[in-house]
Amino acid sequence: MKFDPADLKTAADIGSKKVAEAFTRLAGSPVMVTVSKIDTVPIKEALVRINPPQGQVIVVYAQLLSGVKGTSLLTLERESALKLVDLLNQQPVGTTGILKDIDRSAIKETLNILSNSYMNALAKEAGIELGLAVPRMITSGRLTDVVGEMMTRDLSTEDDQVVIFETTLTITAYKIDTKLFILFNEDFSGKINESVDPNV
Amino acid sequence: MADKSIKILLADDSAFMRKVLMDILKEAGYSNFVECEDGNDCLSKFNSEKPDLLLLDVIMPNKSGLEVLKELGAGANAIMVSAVGQDQMIAEAKQGGAKDYIVKPFKREEVIAIVDRVVSGI
């Protein structure tokens with residue numbers, strides 16, 4: 001699917017702002033957008049961007065089911081996740097030491113709310129209607145495996161160009177950084193979904 | 001004046017979001033809650049528990065909130081609570097009989113005001 005680059009840029013700028021507003025309200029602490037990008041790039045470049053860094057990283061994803069097919073991903077380091085859970089639960093930062101089911105639910109709901117804030121802006125500014133599936137957690141190792149598998153394939157045609165939105169959000173007061181990606185690629189979306197336990 | 005003794009069914013696949021909504025409504029004086037986490041569970045609990053008010057998420061496993069609303073109709077006294085804020089979705093929900101539509105993330109006062117208003121009209 002082809003998009004008007006100017007429309008996408010406007011939508012990305014407004015989308016990032018809306019996401020920051022939503023995150024600020026959720027976390028109860030000011031959130032800054034430190035990176036906001038919209039690019040059309042070869043799929044391999046997009047995969048490199050979403051591949052999480054080494055170490056303990058929490059990854060939540062949701063498939064885009066209606067409209068344009070793709071995936072929304074939220075990644076954050078474990079330390080950031082623990083602090084974020086405390087903010088979401090309105091308790092002192094440092095309270096949570098391990099992620100319980102309700103904490104994982106909070107992080108998944110964060111992806112749901114942030115992605116939809118972005119998508120609401122995309123629908124309004126660029127006329128792109130998107131529908132999100134139920135968010136799921138995936139280990140960073142599993143995500144790396146999916147990325148690695150796709151990287152080894154021959155992805156060199158023009159059809160393998162993908163649109164990727166990338167937003168980095170920072171809660172400066174607590175040194176919480178999180179990245180939100182929206183990747184328009186049906187193939188990746190299918191692969192990541194096949195790779196996870198449907199009950200997670 | 002809203003009757004705070006009514007039974008409220010909270011339908012959301014996110015345990016965290018159910019807890020947030022329950023905490024807000026408890027603060028506002030409501031105390032009778034039933035919870036469910038997917039569309040089928042919602043229909044089943046609705047029939048067995050006969051709630052006076054339904055707070056209904058849109059994106060849920062098995063059956064979406066809109067599908068649930070279509071089956072239950074306006075008599076369910078449903079308030080949609082969803083992160084999906086696209087105009088088309090809100091219009092569809094209201095046409096399907098939703099009493100109101102709250103977009104996440106919401107303000108506590110907004111939730112209480114809307115629930116109180118809908119409950120007052122029951």
# chains A, B, ... in the order shown; residues from 1 in each chain; ligands from 1

$ residues_around --residues "Gln95 of chain B" --least-positions-apart "6" --cutoff "10 Å" --atoms "only C-alpha atoms" --output "MDAnalysis selection string"
chainID B and resid 70 73:74 89

$ write_last_selection --atoms "N, CA and C atoms" --output "short mmCIF file (atom, residue, chain, number, x, y, z; two decimals), in the first residue's frame"
data_model
loop_
_atom_site.label_atom_id
_atom_site.label_comp_id
_atom_site.auth_asym_id
_atom_site.auth_seq_id
_atom_site.Cartn_x
_atom_site.Cartn_y
_atom_site.Cartn_z
N LYS B 70 -23.95 -5.85 20.17
CA LYS B 70 -24.94 -6.19 19.15
C LYS B 70 -25.90 -7.26 19.68
N GLY B 73 -27.85 -5.42 22.93
CA GLY B 73 -28.70 -4.27 22.59
C GLY B 73 -28.69 -3.17 23.64
N ALA B 74 -29.52 -2.17 23.42
CA ALA B 74 -29.51 -0.97 24.26
C ALA B 74 -29.95 -1.26 25.70
N MET B 89 -15.79 4.16 14.99
CA MET B 89 -16.03 3.16 16.04
C MET B 89 -17.00 3.71 17.10
#

$ interface_residues --of "chain A" --to "chain B" --cutoff "12 Å" --atoms "only C-alpha atoms" --output "number ranges by chain"
A: 18-28, 62-65, 85, 88-90, 100-125, 127-136, 198-199

$ atom_distance --atom1 "atom CA of Leu54 of chain B" --atom2 "atom CA of Ser66 of chain A"
25.9 Å

$ residues_around --residues "Leu180 of chain A" --least-positions-apart "3" --cutoff "7 Å" --atoms "only C-alpha atoms" --output "PyMOL selection string"
chain A and resi 73-75+166-168

$ write_last_selection --atoms "N, CA and C atoms" --output "PDB file, in the first residue's frame"
ATOM      1  N   LEU A  73       4.631  -2.584  18.382  1.00  0.00           N
ATOM      2  CA  LEU A  73       5.553  -3.156  19.375  1.00  0.00           C
ATOM      3  C   LEU A  73       5.936  -2.106  20.407  1.00  0.00           C
ATOM      4  N   LEU A  74       5.979  -2.519  21.658  1.00  0.00           N
ATOM      5  CA  LEU A  74       6.480  -1.652  22.726  1.00  0.00           C
ATOM      6  C   LEU A  74       7.645  -2.382  23.376  1.00  0.00           C
ATOM      7  N   THR A  75       8.797  -1.740  23.438  1.00  0.00           N
ATOM      8  CA  THR A  75       9.946  -2.384  24.078  1.00  0.00           C
ATOM      9  C   THR A  75      10.488  -1.476  25.181  1.00  0.00           C
ATOM     10  N   GLU A 166       8.452   5.155  14.459  1.00  0.00           N
ATOM     11  CA  GLU A 166       9.281   4.883  15.640  1.00  0.00           C
ATOM     12  C   GLU A 166       9.191   6.078  16.582  1.00  0.00           C
ATOM     13  N   THR A 167       8.803   5.816  17.805  1.00  0.00           N
ATOM     14  CA  THR A 167       8.708   6.883  18.801  1.00  0.00           C
ATOM     15  C   THR A 167       9.422   6.439  20.075  1.00  0.00           C
ATOM     16  N   THR A 168      10.318   7.267  20.561  1.00  0.00           N
ATOM     17  CA  THR A 168      10.945   6.982  21.855  1.00  0.00           C
ATOM     18  C   THR A 168      10.364   7.938  22.884  1.00  0.00           C
TER      19      THR A 168
END

$ residues_around --residues "Glu186 of chain A" --least-positions-apart "4" --cutoff "7 Å" --atoms "only C-alpha atoms" --output "ChimeraX atom specification"
/A:69-70,190

$ write_last_selection --atoms "C-alpha atoms" --output "PDB file, in the first residue's frame"
ATOM      1  CA  LYS A  69      -1.802  -5.107   8.206  1.00  0.00           C
ATOM      2  CA  GLY A  70       1.198  -4.914  10.502  1.00  0.00           C
ATOM      3  CA  GLY A 190       2.297 -13.342  10.862  1.00  0.00           C
TER       4      GLY A 190
END

$ select_by_dssp --residues "segment 125-193 of chain A" --states "strand (DSSP E)" --output "number ranges by chain"
A: 130-132, 136-139, 161-171, 176-184

$ write_last_selection --atoms "N, CA and C atoms" --output "PDB file, in the first residue's frame"
ATOM      1  N   LEU A 130      -7.085   1.809  11.299  1.00  0.00           N
ATOM      2  CA  LEU A 130      -6.361   0.630  11.766  1.00  0.00           C
ATOM      3  C   LEU A 130      -7.079   0.008  12.950  1.00  0.00           C
ATOM      4  N   GLY A 131      -6.992  -1.297  13.027  1.00  0.00           N
ATOM      5  CA  GLY A 131      -7.596  -1.984  14.169  1.00  0.00           C
ATOM      6  C   GLY A 131      -6.577  -2.880  14.825  1.00  0.00           C
ATOM      7  N   LEU A 132      -6.511  -2.807  16.129  1.00  0.00           N
ATOM      8  CA  LEU A 132      -5.488  -3.533  16.883  1.00  0.00           C
ATOM      9  C   LEU A 132      -6.081  -4.787  17.520  1.00  0.00           C
ATOM     10  N   ARG A 136      -0.052  -8.952  23.340  1.00  0.00           N
ATOM     11  CA  ARG A 136       0.589 -10.123  23.937  1.00  0.00           C
ATOM     12  C   ARG A 136       2.023  -9.788  24.283  1.00  0.00           C
ATOM     13  N   MET A 137       2.560 -10.554  25.246  1.00  0.00           N
ATOM     14  CA  MET A 137       3.977 -10.396  25.578  1.00  0.00           C
ATOM     15  C   MET A 137       4.780 -11.438  24.836  1.00  0.00           C
ATOM     16  N   ILE A 138       6.005 -11.078  24.490  1.00  0.00           N
ATOM     17  CA  ILE A 138       6.909 -12.015  23.838  1.00  0.00           C
ATOM     18  C   ILE A 138       8.288 -11.785  24.452  1.00  0.00           C
ATOM     19  N   THR A 139       9.062 -12.842  24.592  1.00  0.00           N
ATOM     20  CA  THR A 139      10.400 -12.627  25.141  1.00  0.00           C
ATOM     21  C   THR A 139      11.249 -11.929  24.078  1.00  0.00           C
ATOM     22  N   GLN A 161       9.855  -2.952   0.764  1.00  0.00           N
ATOM     23  CA  GLN A 161       9.932  -1.664   1.442  1.00  0.00           C
ATOM     24  C   GLN A 161       8.748  -1.587   2.422  1.00  0.00           C
ATOM     25  N   VAL A 162       9.026  -1.127   3.612  1.00  0.00           N
ATOM     26  CA  VAL A 162       7.954  -1.046   4.605  1.00  0.00           C
ATOM     27  C   VAL A 162       7.923   0.344   5.246  1.00  0.00           C
ATOM     28  N   VAL A 163       6.747   0.694   5.734  1.00  0.00           N
ATOM     29  CA  VAL A 163       6.605   1.940   6.485  1.00  0.00           C
ATOM     30  C   VAL A 163       6.767   1.606   7.966  1.00  0.00           C
ATOM     31  N   ILE A 164       7.613   2.364   8.646  1.00  0.00           N
ATOM     32  CA  ILE A 164       7.812   2.135  10.086  1.00  0.00           C
ATOM     33  C   ILE A 164       7.717   3.458  10.843  1.00  0.00           C
ATOM     34  N   PHE A 165       6.899   3.460  11.866  1.00  0.00           N
ATOM     35  CA  PHE A 165       6.819   4.588  12.794  1.00  0.00           C
ATOM     36  C   PHE A 165       7.652   4.215  14.009  1.00  0.00           C
ATOM     37  N   GLU A 166       8.452   5.155  14.459  1.00  0.00           N
ATOM     38  CA  GLU A 166       9.281   4.883  15.640  1.00  0.00           C
ATOM     39  C   GLU A 166       9.191   6.078  16.582  1.00  0.00           C
ATOM     40  N   THR A 167       8.803   5.816  17.805  1.00  0.00           N
ATOM     41  CA  THR A 167       8.708   6.883  18.801  1.00  0.00           C
ATOM     42  C   THR A 167       9.422   6.439  20.075  1.00  0.00           C
ATOM     43  N   THR A 168      10.318   7.267  20.561  1.00  0.00           N
ATOM     44  CA  THR A 168      10.945   6.982  21.855  1.00  0.00           C
ATOM     45  C   THR A 168      10.364   7.938  22.884  1.00  0.00           C
ATOM     46  N   LEU A 169       9.891   7.379  23.978  1.00  0.00           N
ATOM     47  CA  LEU A 169       9.255   8.170  25.033  1.00  0.00           C
ATOM     48  C   LEU A 169      10.096   8.077  26.294  1.00  0.00           C
ATOM     49  N   THR A 170      10.282   9.194  26.931  1.00  0.00           N
ATOM     50  CA  THR A 170      11.140   9.229  28.116  1.00  0.00           C
ATOM     51  C   THR A 170      10.416   9.914  29.272  1.00  0.00           C
ATOM     52  N   ILE A 171      10.443   9.245  30.424  1.00  0.00           N
ATOM     53  CA  ILE A 171       9.988   9.891  31.662  1.00  0.00           C
ATOM     54  C   ILE A 171      11.266  10.259  32.411  1.00  0.00           C
ATOM     55  N   ILE A 176      12.944   6.484  32.761  1.00  0.00           N
ATOM     56  CA  ILE A 176      12.214   5.415  32.070  1.00  0.00           C
ATOM     57  C   ILE A 176      12.227   5.729  30.576  1.00  0.00           C
ATOM     58  N   ASP A 177      12.735   4.783  29.794  1.00  0.00           N
ATOM     59  CA  ASP A 177      12.721   4.941  28.337  1.00  0.00           C
ATOM     60  C   ASP A 177      11.945   3.790  27.732  1.00  0.00           C
ATOM     61  N   THR A 178      11.110   4.097  26.759  1.00  0.00           N
ATOM     62  CA  THR A 178      10.396   3.044  26.061  1.00  0.00           C
ATOM     63  C   THR A 178      10.262   3.405  24.591  1.00  0.00           C
ATOM     64  N   LYS A 179      10.267   2.381  23.756  1.00  0.00           N
ATOM     65  CA  LYS A 179      10.136   2.615  22.318  1.00  0.00           C
ATOM     66  C   LYS A 179       8.843   2.010  21.819  1.00  0.00           C
ATOM     67  N   LEU A 180       8.147   2.776  20.999  1.00  0.00           N
ATOM     68  CA  LEU A 180       6.926   2.280  20.366  1.00  0.00           C
ATOM     69  C   LEU A 180       7.156   2.243  18.858  1.00  0.00           C
ATOM     70  N   PHE A 181       6.942   1.077  18.263  1.00  0.00           N
ATOM     71  CA  PHE A 181       7.071   0.932  16.811  1.00  0.00           C
ATOM     72  C   PHE A 181       5.727   0.518  16.236  1.00  0.00           C
ATOM     73  N   ILE A 182       5.437   1.029  15.052  1.00  0.00           N
ATOM     74  CA  ILE A 182       4.329   0.483  14.271  1.00  0.00           C
ATOM     75  C   ILE A 182       4.912   0.146  12.907  1.00  0.00           C
ATOM     76  N   LEU A 183       4.888  -1.128  12.576  1.00  0.00           N
ATOM     77  CA  LEU A 183       5.527  -1.617  11.358  1.00  0.00           C
ATOM     78  C   LEU A 183       4.458  -2.178  10.436  1.00  0.00           C
ATOM     79  N   PHE A 184       4.354  -1.591   9.246  1.00  0.00           N
ATOM     80  CA  PHE A 184       3.353  -2.068   8.295  1.00  0.00           C
ATOM     81  C   PHE A 184       3.962  -3.163   7.427  1.00  0.00           C
TER      82      PHE A 184
END

$ residues_around --residues "Tyr101 of chain B" --least-positions-apart "3" --cutoff "9 Å" --atoms "only C-alpha atoms" --output "PyMOL selection string"
chain B and resi 78-82+85+90+93-94+98+114

$ write_last_selection --atoms "N, CA and C atoms" --output "mmCIF file, in the first residue's frame"
data_model
loop_
_atom_site.group_PDB
_atom_site.id
_atom_site.type_symbol
_atom_site.label_atom_id
_atom_site.label_comp_id
_atom_site.auth_asym_id
_atom_site.auth_seq_id
_atom_site.Cartn_x
_atom_site.Cartn_y
_atom_site.Cartn_z
ATOM 1 N N ALA B 78 -24.969 -0.303 28.447
ATOM 2 C CA ALA B 78 -23.519 -0.450 28.283
ATOM 3 C C ALA B 78 -22.840 0.897 28.053
ATOM 4 N N ILE B 79 -21.717 1.068 28.745
ATOM 5 C CA ILE B 79 -20.825 2.194 28.474
ATOM 6 C C ILE B 79 -19.541 1.587 27.916
ATOM 7 N N MET B 80 -19.184 1.964 26.699
ATOM 8 C CA MET B 80 -17.965 1.434 26.113
ATOM 9 C C MET B 80 -16.762 2.144 26.747
ATOM 10 N N VAL B 81 -15.703 1.368 27.031
ATOM 11 C CA VAL B 81 -14.468 1.945 27.578
ATOM 12 C C VAL B 81 -13.327 1.358 26.752
ATOM 13 N N SER B 82 -12.771 2.166 25.870
ATOM 14 C CA SER B 82 -11.788 1.617 24.934
ATOM 15 C C SER B 82 -10.729 2.641 24.563
ATOM 16 N N GLY B 85 -10.324 5.288 19.643
ATOM 17 C CA GLY B 85 -11.094 6.544 19.687
ATOM 18 C C GLY B 85 -11.466 7.043 18.310
ATOM 19 N N ILE B 90 -16.794 4.964 17.469
ATOM 20 C CA ILE B 90 -17.662 5.568 18.481
ATOM 21 C C ILE B 90 -19.100 5.655 17.952
ATOM 22 N N ALA B 93 -20.700 2.207 17.940
ATOM 23 C CA ALA B 93 -21.086 1.770 19.288
ATOM 24 C C ALA B 93 -22.373 2.461 19.737
ATOM 25 N N LYS B 94 -22.470 3.736 19.465
ATOM 26 C CA LYS B 94 -23.671 4.473 19.897
ATOM 27 C C LYS B 94 -24.891 4.023 19.109
ATOM 28 N N ALA B 98 -24.954 1.732 22.759
ATOM 29 C CA ALA B 98 -24.114 2.141 23.902
ATOM 30 C C ALA B 98 -24.618 3.469 24.461
ATOM 31 N N ILE B 114 -19.727 10.141 33.945
ATOM 32 C CA ILE B 114 -20.506 9.411 32.939
ATOM 33 C C ILE B 114 -21.292 8.259 33.591
#

$ closest_residue --among "B:Glu110, B:Asp116, B:Glu67, B:Glu35" --to "Glu92 of chain B" --atoms "only C-alpha atoms"
B:Glu67

$ residues_around --residues "Ala76 of chain B" --least-positions-apart "2" --cutoff "12 Å" --atoms "only C-alpha atoms" --output "MDAnalysis selection string"
chainID B and resid 8:9 42:43 46:47 50:56 68:74 78:80 96:99 118:119 122

$ select_by_dssp --residues "segment 18-121 of chain B" --states "alpha helix (DSSP H)" --output "JSON, numbers by chain"
{"B": [18, 19, 20, 21, 22, 23, 24, 25, 26, 27, 39, 40, 41, 42, 43, 44, 45, 46, 47, 48, 49, 65, 66, 67, 68, 69, 70, 71, 72, 87, 88, 89, 90, 91, 92, 93, 94, 95, 108, 109, 110, 111, 112, 113, 114, 115, 116, 117, 118, 119, 120]}

$ write_last_selection --atoms "C-alpha atoms" --output "PDB file, in the first residue's frame"
ATOM      1  CA  ARG B  18     -10.582  -3.769  35.521  1.00  0.00           C
ATOM      2  CA  LYS B  19      -8.756  -2.948  38.753  1.00  0.00           C
ATOM      3  CA  VAL B  20      -8.319   0.713  37.766  1.00  0.00           C
ATOM      4  CA  LEU B  21     -12.012   1.068  36.903  1.00  0.00           C
ATOM      5  CA  MET B  22     -13.092  -0.725  40.063  1.00  0.00           C
ATOM      6  CA  ASP B  23     -10.895   1.482  42.239  1.00  0.00           C
ATOM      7  CA  ILE B  24     -12.338   4.623  40.642  1.00  0.00           C
ATOM      8  CA  LEU B  25     -15.926   3.453  41.043  1.00  0.00           C
ATOM      9  CA  LYS B  26     -15.349   2.299  44.628  1.00  0.00           C
ATOM     10  CA  GLU B  27     -14.080   5.792  45.385  1.00  0.00           C
ATOM     11  CA  GLY B  39     -16.646 -11.471  24.967  1.00  0.00           C
ATOM     12  CA  ASN B  40     -18.095 -14.921  25.562  1.00  0.00           C
ATOM     13  CA  ASP B  41     -17.469 -14.685  29.295  1.00  0.00           C
ATOM     14  CA  CYS B  42     -19.216 -11.304  29.216  1.00  0.00           C
ATOM     15  CA  LEU B  43     -22.375 -12.691  27.606  1.00  0.00           C
ATOM     16  CA  SER B  44     -22.418 -15.589  30.031  1.00  0.00           C
ATOM     17  CA  LYS B  45     -21.938 -13.360  33.107  1.00  0.00           C
ATOM     18  CA  PHE B  46     -24.462 -10.867  31.792  1.00  0.00           C
ATOM     19  CA  ASN B  47     -27.111 -13.572  31.614  1.00  0.00           C
ATOM     20  CA  SER B  48     -26.260 -15.177  34.961  1.00  0.00           C
ATOM     21  CA  GLU B  49     -25.532 -12.053  37.002  1.00  0.00           C
ATOM     22  CA  GLY B  65     -17.199  -5.491  22.700  1.00  0.00           C
ATOM     23  CA  LEU B  66     -19.138  -4.389  19.631  1.00  0.00           C
ATOM     24  CA  GLU B  67     -20.238  -7.962  18.924  1.00  0.00           C
ATOM     25  CA  VAL B  68     -21.316  -8.326  22.544  1.00  0.00           C
ATOM     26  CA  LEU B  69     -23.214  -5.046  22.334  1.00  0.00           C
ATOM     27  CA  LYS B  70     -24.945  -6.190  19.147  1.00  0.00           C
ATOM     28  CA  GLU B  71     -26.218  -9.291  20.963  1.00  0.00           C
ATOM     29  CA  LEU B  72     -27.314  -7.477  24.102  1.00  0.00           C
ATOM     30  CA  ASP B  87     -14.970   8.443  15.128  1.00  0.00           C
ATOM     31  CA  GLN B  88     -16.367   5.558  13.102  1.00  0.00           C
ATOM     32  CA  MET B  89     -16.029   3.160  16.041  1.00  0.00           C
ATOM     33  CA  ILE B  90     -17.662   5.568  18.481  1.00  0.00           C
ATOM     34  CA  ALA B  91     -20.563   6.157  16.084  1.00  0.00           C
ATOM     35  CA  GLU B  92     -20.995   2.418  15.545  1.00  0.00           C
ATOM     36  CA  ALA B  93     -21.086   1.770  19.288  1.00  0.00           C
ATOM     37  CA  LYS B  94     -23.671   4.473  19.897  1.00  0.00           C
ATOM     38  CA  GLN B  95     -25.801   3.219  17.019  1.00  0.00           C
ATOM     39  CA  ARG B 108     -11.130   9.605  36.965  1.00  0.00           C
ATOM     40  CA  GLU B 109     -13.692  12.429  37.134  1.00  0.00           C
ATOM     41  CA  GLU B 110     -14.795  11.682  33.579  1.00  0.00           C
ATOM     42  CA  VAL B 111     -15.534   8.039  34.401  1.00  0.00           C
ATOM     43  CA  ILE B 112     -17.460   8.917  37.543  1.00  0.00           C
ATOM     44  CA  ALA B 113     -19.475  11.661  35.824  1.00  0.00           C
ATOM     45  CA  ILE B 114     -20.506   9.411  32.939  1.00  0.00           C
ATOM     46  CA  VAL B 115     -21.337   6.402  35.136  1.00  0.00           C
ATOM     47  CA  ASP B 116     -23.345   8.562  37.555  1.00  0.00           C
ATOM     48  CA  ARG B 117     -25.270  10.128  34.675  1.00  0.00           C
ATOM     49  CA  VAL B 118     -26.095   6.794  33.040  1.00  0.00           C
ATOM     50  CA  VAL B 119     -27.032   5.183  36.380  1.00  0.00           C
ATOM     51  CA  SER B 120     -29.318   8.120  37.178  1.00  0.00           C
TER      52      SER B 120
END

$ atom_distance --atom1 "atom CA of Met151 of chain A" --atom2 "atom CA of Val57 of chain A"
20.6 Å
